[in-house]
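Peer 1: Sending over query.cif (mmCIF, C-alpha atoms).
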data_model
loop_
_atom_site.label_atom_id
_atom_site.label_comp_id
_atom_site.auth_asym_id
_atom_site.auth_seq_id
_atom_site.Cartn_x
_atom_site.Cartn_y
_atom_site.Cartn_z
CA PRO B 1195 -51.97 114.67 -6.39
CA HIS B 1196 -48.83 112.79 -5.40
CA GLY B 1197 -47.35 109.89 -7.42
CA LEU B 1198 -46.14 109.30 -10.92
CA GLY B 1199 -48.14 110.15 -13.88
CA GLU B 1200 -48.50 107.98 -16.94
CA VAL B 1201 -45.36 109.43 -18.50
CA GLY B 1202 -43.40 108.90 -15.30
CA ARG B 1203 -44.48 105.33 -14.98
CA GLU B 1204 -43.43 104.66 -18.59
CA ARG B 1205 -39.98 106.17 -18.02
CA LEU B 1206 -39.57 104.13 -14.81
CA ALA B 1207 -40.41 100.94 -16.67
CA GLN B 1208 -37.89 101.75 -19.41
CA LEU B 1209 -35.24 102.51 -16.80
CA THR B 1210 -35.91 99.24 -14.92
CA TYR B 1211 -35.76 97.21 -18.16
CA SER B 1212 -32.50 98.89 -19.23
CA SER B 1213 -30.94 98.28 -15.83
CA ALA B 1214 -31.93 94.63 -15.87
CA VAL B 1215 -30.46 94.15 -19.36
CA ALA B 1216 -27.30 95.90 -18.34
CA LEU B 1217 -26.93 93.76 -15.23
CA TRP B 1218 -27.47 90.55 -17.19
CA GLN B 1219 -24.99 91.48 -19.92
CA GLY B 1220 -22.48 92.76 -17.42
CA SER B 1221 -22.06 91.31 -13.97
CA VAL B 1222 -24.55 88.52 -14.40
CA GLY B 1223 -23.17 87.62 -17.80
CA SER B 1224 -19.72 87.28 -16.35
CA GLU B 1225 -20.96 84.43 -14.14
CA LYS B 1226 -22.21 82.28 -17.02
CA PRO B 1227 -18.98 80.30 -17.42
CA GLU B 1228 -18.97 79.50 -13.69
CA MET B 1229 -22.57 78.39 -13.89
CA LEU B 1230 -21.82 76.21 -16.92
CA GLU B 1231 -18.83 74.65 -15.13
CA GLN B 1232 -21.03 73.77 -12.19
CA LEU B 1233 -23.52 72.15 -14.57
CA GLU B 1234 -20.89 69.94 -16.25
CA VAL B 1235 -21.37 66.24 -15.56
CA ALA B 1236 -18.71 64.81 -13.31
CA PRO B 1237 -16.86 61.75 -14.68
CA VAL B 1238 -18.39 58.45 -13.62
CA ALA B 1239 -16.11 56.48 -11.34
CA PRO B 1240 -15.44 52.85 -12.40
CA PRO B 1241 -17.41 50.25 -10.43
CA VAL B 1242 -15.58 48.93 -7.41
CA ARG B 1243 -15.38 45.14 -7.24
CA THR B 1244 -16.29 43.88 -3.85
CA ALA B 1245 -15.80 40.47 -2.35
CA PRO B 1246 -18.74 38.07 -2.83
CA SER B 1247 -21.28 38.25 -0.12
CA THR B 1248 -21.57 35.61 2.55
CA ALA B 1249 -24.75 34.33 0.96
CA ARG B 1250 -23.02 33.87 -2.41
CA ARG B 1251 -20.08 32.09 -0.80
CA ARG B 1252 -22.44 29.76 0.99
CA ALA B 1253 -24.28 29.05 -2.25
CA SER B 1254 -21.01 28.16 -4.00
CA GLN B 1255 -20.18 25.75 -1.16
CA LYS B 1256 -23.57 24.07 -1.18
CA ALA B 1257 -23.37 20.29 -1.41
CA ARG B 1258 -24.44 18.65 -4.65
CA VAL B 1259 -25.31 15.04 -5.46
CA GLU B 1260 -23.48 13.41 -8.38
CA PRO B 1261 -24.61 9.99 -9.66
CA SER B 1262 -22.46 8.14 -12.19
CA MET B 1263 -22.09 4.84 -14.03
CA GLY B 1264 -19.00 3.10 -15.30
CA ALA B 1265 -17.17 0.02 -16.49
CA TRP B 1266 -13.99 -1.43 -15.05
CA TYR B 1267 -11.44 -4.19 -15.32
CA ALA B 1268 -9.63 -5.74 -12.36
CA VAL B 1269 -6.79 -8.18 -11.82
CA THR B 1270 -6.46 -10.09 -8.52
CA ALA B 1271 -3.73 -12.45 -7.35
CA SER B 1272 -5.54 -15.33 -5.62
CA GLY B 1273 -2.71 -17.66 -4.65
CA GLN B 1274 -2.91 -21.28 -5.78
CA GLU B 1275 -6.04 -20.50 -7.76
CA GLY B 1276 -3.97 -18.34 -10.08
CA THR B 1277 -4.67 -14.83 -11.31
CA ALA B 1278 -8.31 -13.79 -11.43
CA HIS B 1279 -9.36 -11.07 -13.85
CA GLY B 1280 -12.38 -9.83 -15.72
CA PRO B 1281 -14.65 -6.88 -16.56
CA GLY B 1282 -17.30 -5.33 -14.36
CA ILE B 1283 -19.84 -2.54 -14.03
CA VAL B 1284 -20.33 0.06 -11.29
CA ALA B 1285 -23.05 2.45 -10.12
CA ARG B 1286 -21.96 5.28 -7.84
CA MET B 1287 -23.60 8.10 -5.86
CA GLN B 1288 -21.55 10.91 -4.29
CA VAL B 1289 -22.19 14.07 -2.30
CA VAL B 1290 -19.63 16.74 -3.21
CA THR B 1291 -18.82 19.86 -1.16
CA ASN B 1292 -15.73 21.98 -0.44
CA GLY B 1293 -13.33 19.70 -2.31
CA LEU B 1294 -14.50 16.58 -0.46
CA SER B 1295 -16.66 13.80 -1.89
CA LEU B 1296 -18.48 11.20 0.20
CA GLY B 1297 -20.59 8.40 -1.20
CA GLY B 1298 -20.94 4.76 -2.07
CA ALA B 1299 -20.75 2.37 -4.98
CA LEU B 1300 -22.18 -0.98 -6.09
CA ARG B 1301 -19.95 -3.15 -8.30
CA ALA B 1302 -20.30 -6.48 -10.05
CA GLN B 1303 -17.57 -8.41 -11.86
CA GLN B 1304 -17.67 -11.56 -13.95
CA ARG B 1305 -14.22 -13.13 -13.91
CA PHE B 1306 -12.89 -15.31 -16.65
CA THR B 1307 -12.62 -19.04 -15.96
CA GLN B 1308 -9.57 -19.96 -13.88
CA TYR B 1309 -7.79 -23.29 -14.25
CA ALA B 1310 -5.61 -24.68 -11.49
CA ARG B 1311 -3.84 -28.01 -10.92
CA ALA B 1312 -3.14 -29.76 -7.63
CA ARG B 1313 -2.07 -33.37 -6.96
CA GLY B 1314 -2.97 -34.38 -10.49
CA PHE B 1315 -6.44 -32.82 -10.31
CA LYS B 1316 -7.61 -30.10 -12.62
CA LEU B 1317 -9.85 -27.46 -11.05
CA GLU B 1318 -12.09 -25.18 -13.02
CA LEU B 1319 -13.25 -22.02 -11.22
CA VAL B 1320 -15.79 -19.46 -12.37
CA THR B 1321 -16.29 -16.46 -10.06
CA THR B 1322 -18.82 -13.65 -9.86
CA ALA B 1323 -17.67 -10.89 -7.48
CA LEU B 1324 -20.21 -8.55 -5.86
CA ARG B 1325 -19.14 -5.51 -3.83
CA ALA B 1326 -20.65 -2.55 -1.98
CA SER B 1327 -18.32 0.18 -0.77
CA GLY B 1328 -18.24 3.43 1.15
CA GLU B 1329 -15.92 5.99 -0.41
CA ALA B 1330 -14.23 9.30 0.40
CA GLU B 1331 -12.36 11.47 -2.10
CA MET B 1332 -10.18 14.47 -1.28
CA ARG B 1333 -9.11 17.01 -3.88
CA LEU B 1334 -5.38 17.13 -4.63
CA ALA B 1335 -5.60 19.36 -7.73
CA SER B 1336 -8.31 20.82 -9.93
CA SER B 1337 -8.82 17.50 -11.76
CA LEU B 1338 -7.19 15.01 -9.40
CA GLN B 1339 -8.49 13.43 -6.20
CA LEU B 1340 -7.22 10.93 -3.65
CA VAL B 1341 -9.61 7.99 -3.16
CA THR B 1342 -9.99 5.85 -0.04
CA ALA B 1343 -12.71 3.24 0.40
CA MET B 1344 -13.81 0.17 2.33
CA ALA B 1345 -15.65 -2.52 0.40
CA GLY B 1346 -17.49 -5.62 1.48
CA GLY B 1347 -19.25 -8.33 -0.43
CA VAL B 1348 -19.20 -11.90 -1.59
CA ASP B 1349 -17.46 -13.99 -4.22
CA LEU B 1350 -19.74 -16.61 -5.77
CA VAL B 1351 -17.42 -19.40 -6.92
CA ARG B 1352 -18.55 -22.30 -9.11
CA PHE B 1353 -15.93 -25.02 -9.16
CA GLU B 1354 -15.41 -28.49 -10.57
CA ALA B 1355 -12.53 -30.88 -9.84
CA GLN B 1356 -11.59 -33.37 -12.54
CA ALA B 1357 -9.82 -36.43 -11.06
CA PRO B 1358 -6.96 -38.21 -12.83
CA GLN B 1359 -8.01 -41.38 -14.65
CA ASN B 1360 -7.81 -44.67 -12.69
CA SER B 1361 -6.90 -42.80 -9.51
CA GLY B 1362 -9.81 -44.08 -7.46
CA TRP B 1363 -10.69 -40.52 -6.42
CA LEU B 1364 -14.27 -39.47 -6.90
CA GLN B 1365 -14.78 -36.41 -9.02
CA GLU B 1366 -16.58 -33.67 -7.14
CA PRO B 1367 -19.76 -32.46 -8.87
CA ARG B 1368 -19.90 -28.84 -9.93
CA ARG B 1369 -20.74 -26.83 -6.85
CA MET B 1370 -21.18 -23.21 -5.81
CA ARG B 1371 -19.65 -21.57 -2.78
CA ALA B 1372 -20.14 -18.10 -1.39
CA ARG B 1373 -17.05 -16.46 0.07
CA PRO B 1374 -17.67 -13.36 2.23
CA VAL B 1375 -14.89 -10.82 1.79
CA PHE B 1376 -13.90 -7.27 2.68
CA ALA B 1377 -11.33 -5.05 1.00
CA PRO B 1378 -9.66 -1.73 1.90
CA GLU B 1379 -8.97 0.36 -1.19
CA ALA B 1380 -6.90 3.40 -2.15
CA GLY B 1381 -6.08 5.13 -5.39
CA LEU B 1382 -6.43 8.18 -7.62
CA HIS B 1383 -9.37 9.71 -9.47
CA TRP B 1384 -8.75 11.88 -12.52
CA HIS B 1385 -11.79 13.60 -14.00
CA THR B 1386 -12.97 16.07 -16.62
CA ALA B 1387 -16.43 17.41 -17.44
CA SER B 1388 -17.27 14.31 -19.47
CA VAL B 1389 -15.23 11.39 -18.14
CA ASN B 1390 -13.93 9.90 -14.87
CA LEU B 1391 -10.87 7.65 -14.65
CA ARG B 1392 -9.98 5.82 -11.44
CA LEU B 1393 -6.96 3.64 -10.73
CA ILE B 1394 -7.51 1.73 -7.49
CA ALA B 1395 -5.38 -0.77 -5.55
CA ASP B 1396 -7.18 -3.08 -3.13
CA LEU B 1397 -6.51 -5.96 -0.76
CA THR B 1398 -9.28 -8.54 -0.67
CA VAL B 1399 -9.45 -10.46 2.60
CA LEU B 1400 -11.38 -13.74 2.85
CA VAL B 1401 -13.51 -13.76 6.00
CA VAL B 1402 -13.83 -17.56 5.83
CA ARG B 1403 -11.01 -19.43 4.14
CA GLU B 1404 -12.68 -22.47 2.62
CA HIS B 1405 -10.80 -25.09 0.64
CA PHE B 1406 -11.64 -27.35 -2.25
CA ASP B 1407 -11.50 -31.05 -1.52
CA VAL B 1408 -12.04 -34.50 -3.06
CA SER B 1409 -12.95 -37.86 -1.56
CA LEU B 1410 -11.61 -41.43 -1.67
CA ASP B 1411 -13.52 -44.27 0.01
CA GLY B 1412 -15.59 -41.72 1.87
CA VAL B 1413 -12.55 -39.86 3.19
CA ARG B 1414 -12.35 -36.25 2.14
CA SER B 1415 -8.99 -34.67 1.41
CA GLU B 1416 -8.10 -31.02 0.99
CA LEU B 1417 -7.10 -30.28 -2.56
CA LEU B 1418 -6.63 -26.56 -2.87
CA SER B 1419 -6.97 -23.56 -0.56
CA PRO B 1420 -7.45 -19.98 -1.78
CA ALA B 1421 -5.18 -17.27 -0.43
CA ARG B 1422 -6.66 -15.33 2.47
CA TRP B 1423 -4.98 -12.08 1.35
CA GLN B 1424 -5.50 -11.24 -2.32
CA PRO B 1425 -4.00 -7.98 -3.67
CA GLY B 1426 -5.53 -6.50 -6.78
CA LEU B 1427 -5.56 -3.55 -9.15
CA ARG B 1428 -8.63 -2.00 -10.79
CA ALA B 1429 -8.96 0.51 -13.64
CA GLU B 1430 -12.36 2.17 -13.89
CA LEU B 1431 -13.83 4.38 -16.61
CA GLY B 1432 -17.00 6.26 -15.72
CA TRP B 1433 -19.43 8.85 -17.06
CA PRO B 1434 -21.35 11.43 -15.01
#
What's the structure tokens form of this structure?
Peer 2:
Amino acid sequence: PHGLGEVGRERLAQLTYSSAVALWQGSVGSEKPEMLEQLEVAPVAPPVRTAPSTARRRASQKARVEPSMGAWYAVTASGQEGTAHGPGIVARMQVVTNGLSLGGALRAQQRFTQYARARGFKLELVTTALRASGEAEMRLASSLQLVTAMAGGVDLVRFEAQAPQNSGWLQEPRRMRARPVFAPEAGLHWHTASVNLRLIADLTVLVVREHFDVSLDGVRSELLSPARWQPGLRAELGWP
């Protein structure tokens, strides 16, 4: 019969095993370093910083609402009535986006009593000033903004004229008058994370220029007229 016997098959197996070992330790073994080099981990490249996406840029530019409260002190030159000054409070609401702030404010001021003299009379004036304003602020630096505003409101003036003795003039009773006004404003706003400081110049304009008067024998006579144009300066300290 043809084929290998048991002894032949055993010798063939030994020969195959020896050849395989020889190949591995020889030619195949010489390729181990190359295989190991191919298996080495390549160095990881540092992450590349890319510009923020459009969505992120839009999110950073999204408008935000900023309410605030504050206290202020203002001085106003009011002509023959003298210098008006006193403290006040303010409530403000602004919409901020892209370095521009738009909003409005409500202010109230209680001025100290003013004393004026005219033709021997002594006038006593007590004024409460109420204002509402629309405001715009433009960024000049990281913590500094230019402020422009237009305010309107009313001055509530309580006055009393004291006549000279034995003059024959009748003393006017204490009365209240409402003076409608408007005022353009401009100034600077310096701010940090915890405090806002504004320095504002304004020009109050009387819409109706009323005068104070007294009477003698039923004839009324003008005593004192307020200035139609009244420049002023306001310092305001606020908290977000």
Peer 1: Which residue, B:Val1259, B:Met1344, B:Ala1323, B:Ala1330, has the smallest gap to B:Val1284 when you use all atoms listed in the file?
Peer 2: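 Among B:Val1259, B:Met1344, B:Ala1323, B:Ala1330, it is B:Ala1323 that comes nearest to B:Val1284.
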Peer 1: Just give me the gap between atom CA of B:Val1348 and atom CA of B:Glu1260 in Å, one decimal is fine.
Peer 2: 26.6 Å
Peer 1: Run the PyMOL selection byres ((chain B and resi 1345) around 9) on the file and write out the hits as a list in words.
Peer 2: Ala1299, Arg1325, Ala1326, Ser1327, Gly1328, Glu1329, Ala1343, Met1344, Gly1346, Gly1347, Val1375, Phe1376, Ala1377, Pro1378, Glu1379 and Thr1398 of chain B
Peer 1: Could you save the residues just selected, with C-alpha atoms, as a PDB file, keeping the file's coordinate frame?
Peer 2:
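Result file selection15.pdb:
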ATOM      1  CA  ALA B1299     -20.750   2.370  -4.980  1.00  0.00           C
ATOM      2  CA  ARG B1325     -19.140  -5.510  -3.830  1.00  0.00           C
ATOM      3  CA  ALA B1326     -20.650  -2.550  -1.980  1.00  0.00           C
ATOM      4  CA  SER B1327     -18.320   0.180  -0.770  1.00  0.00           C
ATOM      5  CA  GLY B1328     -18.240   3.430   1.150  1.00  0.00           C
ATOM      6  CA  GLU B1329     -15.920   5.990  -0.410  1.00  0.00           C
ATOM      7  CA  ALA B1343     -12.710   3.240   0.400  1.00  0.00           C
ATOM      8  CA  MET B1344     -13.810   0.170   2.330  1.00  0.00           C
ATOM      9  CA  GLY B1346     -17.490  -5.620   1.480  1.00  0.00           C
ATOM     10  CA  GLY B1347     -19.250  -8.330  -0.430  1.00  0.00           C
ATOM     11  CA  VAL B1375     -14.890 -10.820   1.790  1.00  0.00           C
ATOM     12  CA  PHE B1376     -13.900  -7.270   2.680  1.00  0.00           C
ATOM     13  CA  ALA B1377     -11.330  -5.050   1.000  1.00  0.00           C
ATOM     14  CA  PRO B1378      -9.660  -1.730   1.900  1.00  0.00           C
ATOM     15  CA  GLU B1379      -8.970   0.360  -1.190  1.00  0.00           C
ATOM     16  CA  THR B1398      -9.280  -8.540  -0.670  1.00  0.00           C
TER      17      THR B1398
END
Peer 1: Tell me which residues the PyMOL selection byres ((chain B and resi 1355) around 6) grabs here, as JSON, numbers by chain.
Peer 2: {"B": [1316, 1317, 1354, 1356, 1366]}
Peer 1: What is the atom CA of B:Gly1426-atom CA of B:Phe1315 distance in Å, reported with one decimal?
Peer 2: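 We find that atom CA of B:Gly1426 and atom CA of B:Phe1315 lie 26.6 Å from each other.
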Peer 1: Given the PyMOL selection byres ((chain B and resi 1269) around 12) and the file above, list the residues it selects as a ChimeraX atom specification.
Peer 2: /B:1266-1268,1270-1272,1276-1282,1303-1306,1393-1398,1424-1430
Peer 1: Using the selection just defined, write its residues with C-alpha atoms as a PDB file, in the coordinates of the input.
Peer 2:
ATOM      1  CA  TRP B1266     -13.990  -1.430 -15.050  1.00  0.00           C
ATOM      2  CA  TYR B1267     -11.440  -4.190 -15.320  1.00  0.00           C
ATOM      3  CA  ALA B1268      -9.630  -5.740 -12.360  1.00  0.00           C
ATOM      4  CA  THR B1270      -6.460 -10.090  -8.520  1.00  0.00           C
ATOM      5  CA  ALA B1271      -3.730 -12.450  -7.350  1.00  0.00           C
ATOM      6  CA  SER B1272      -5.540 -15.330  -5.620  1.00  0.00           C
ATOM      7  CA  GLY B1276      -3.970 -18.340 -10.080  1.00  0.00           C
ATOM      8  CA  THR B1277      -4.670 -14.830 -11.310  1.00  0.00           C
ATOM      9  CA  ALA B1278      -8.310 -13.790 -11.430  1.00  0.00           C
ATOM     10  CA  HIS B1279      -9.360 -11.070 -13.850  1.00  0.00           C
ATOM     11  CA  GLY B1280     -12.380  -9.830 -15.720  1.00  0.00           C
ATOM     12  CA  PRO B1281     -14.650  -6.880 -16.560  1.00  0.00           C
ATOM     13  CA  GLY B1282     -17.300  -5.330 -14.360  1.00  0.00           C
ATOM     14  CA  GLN B1303     -17.570  -8.410 -11.860  1.00  0.00           C
ATOM     15  CA  GLN B1304     -17.670 -11.560 -13.950  1.00  0.00           C
ATOM     16  CA  ARG B1305     -14.220 -13.130 -13.910  1.00  0.00           C
ATOM     17  CA  PHE B1306     -12.890 -15.310 -16.650  1.00  0.00           C
ATOM     18  CA  LEU B1393      -6.960   3.640 -10.730  1.00  0.00           C
ATOM     19  CA  ILE B1394      -7.510   1.730  -7.490  1.00  0.00           C
ATOM     20  CA  ALA B1395      -5.380  -0.770  -5.550  1.00  0.00           C
ATOM     21  CA  ASP B1396      -7.180  -3.080  -3.130  1.00  0.00           C
ATOM     22  CA  LEU B1397      -6.510  -5.960  -0.760  1.00  0.00           C
ATOM     23  CA  THR B1398      -9.280  -8.540  -0.670  1.00  0.00           C
ATOM     24  CA  GLN B1424      -5.500 -11.240  -2.320  1.00  0.00           C
ATOM     25  CA  PRO B1425      -4.000  -7.980  -3.670  1.00  0.00           C
ATOM     26  CA  GLY B1426      -5.530  -6.500  -6.780  1.00  0.00           C
ATOM     27  CA  LEU B1427      -5.560  -3.550  -9.150  1.00  0.00           C
ATOM     28  CA  ARG B1428      -8.630  -2.000 -10.790  1.00  0.00           C
ATOM     29  CA  ALA B1429      -8.960   0.510 -13.640  1.00  0.00           C
ATOM     30  CA  GLU B1430     -12.360   2.170 -13.890  1.00  0.00           C
TER      31      GLU B1430
END
Peer 1: Extract, using all atoms listed in the file, all DNA, RNA and protein residues at most 6 Å from stretch 1318-1321 of chain B, discarding same-chain residues fewer than 4 positions from it, and format them as a VMD selection string.
Peer 2: chain B and resid 1305 1307 to 1309 1350 to 1354
Peer 1: How many Å lie between atom CA of B:Val1289 and atom CA of B:Ala1302, rounded to one decimal?
Peer 2: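 The value is 22.0 Å.
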Peer 1: From (-7.2, 20.3, -8.1), in the file's coordinates, out to 12 Å: which residues are reached, counting only C-alpha atoms? Answer as a ChimeraX atom specification.
Peer 2: /B:1292-1294,1331-1340,1383-1386
Peer 1: Which residue, B:Pro1420, B:Pro1261, B:Pro1434, B:Gly1273, has the smallest gap to B:Asn1390 when you use all atoms listed in the file?
Peer 2: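 Looking at the shortest contact to B:Asn1390, the residue is B:Pro1434.
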Peer 1: Go through B:Arg1313, B:Arg1301, B:Arg1286, B:Arg1369 one by one, measure the shortest atom-to-atom distance of each to B:Trp1433 using only C-alpha atoms, and give the residue with the smallest value.
Peer 2: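 Using only C-alpha atoms, the shortest distance to B:Trp1433 belongs to B:Arg1286.
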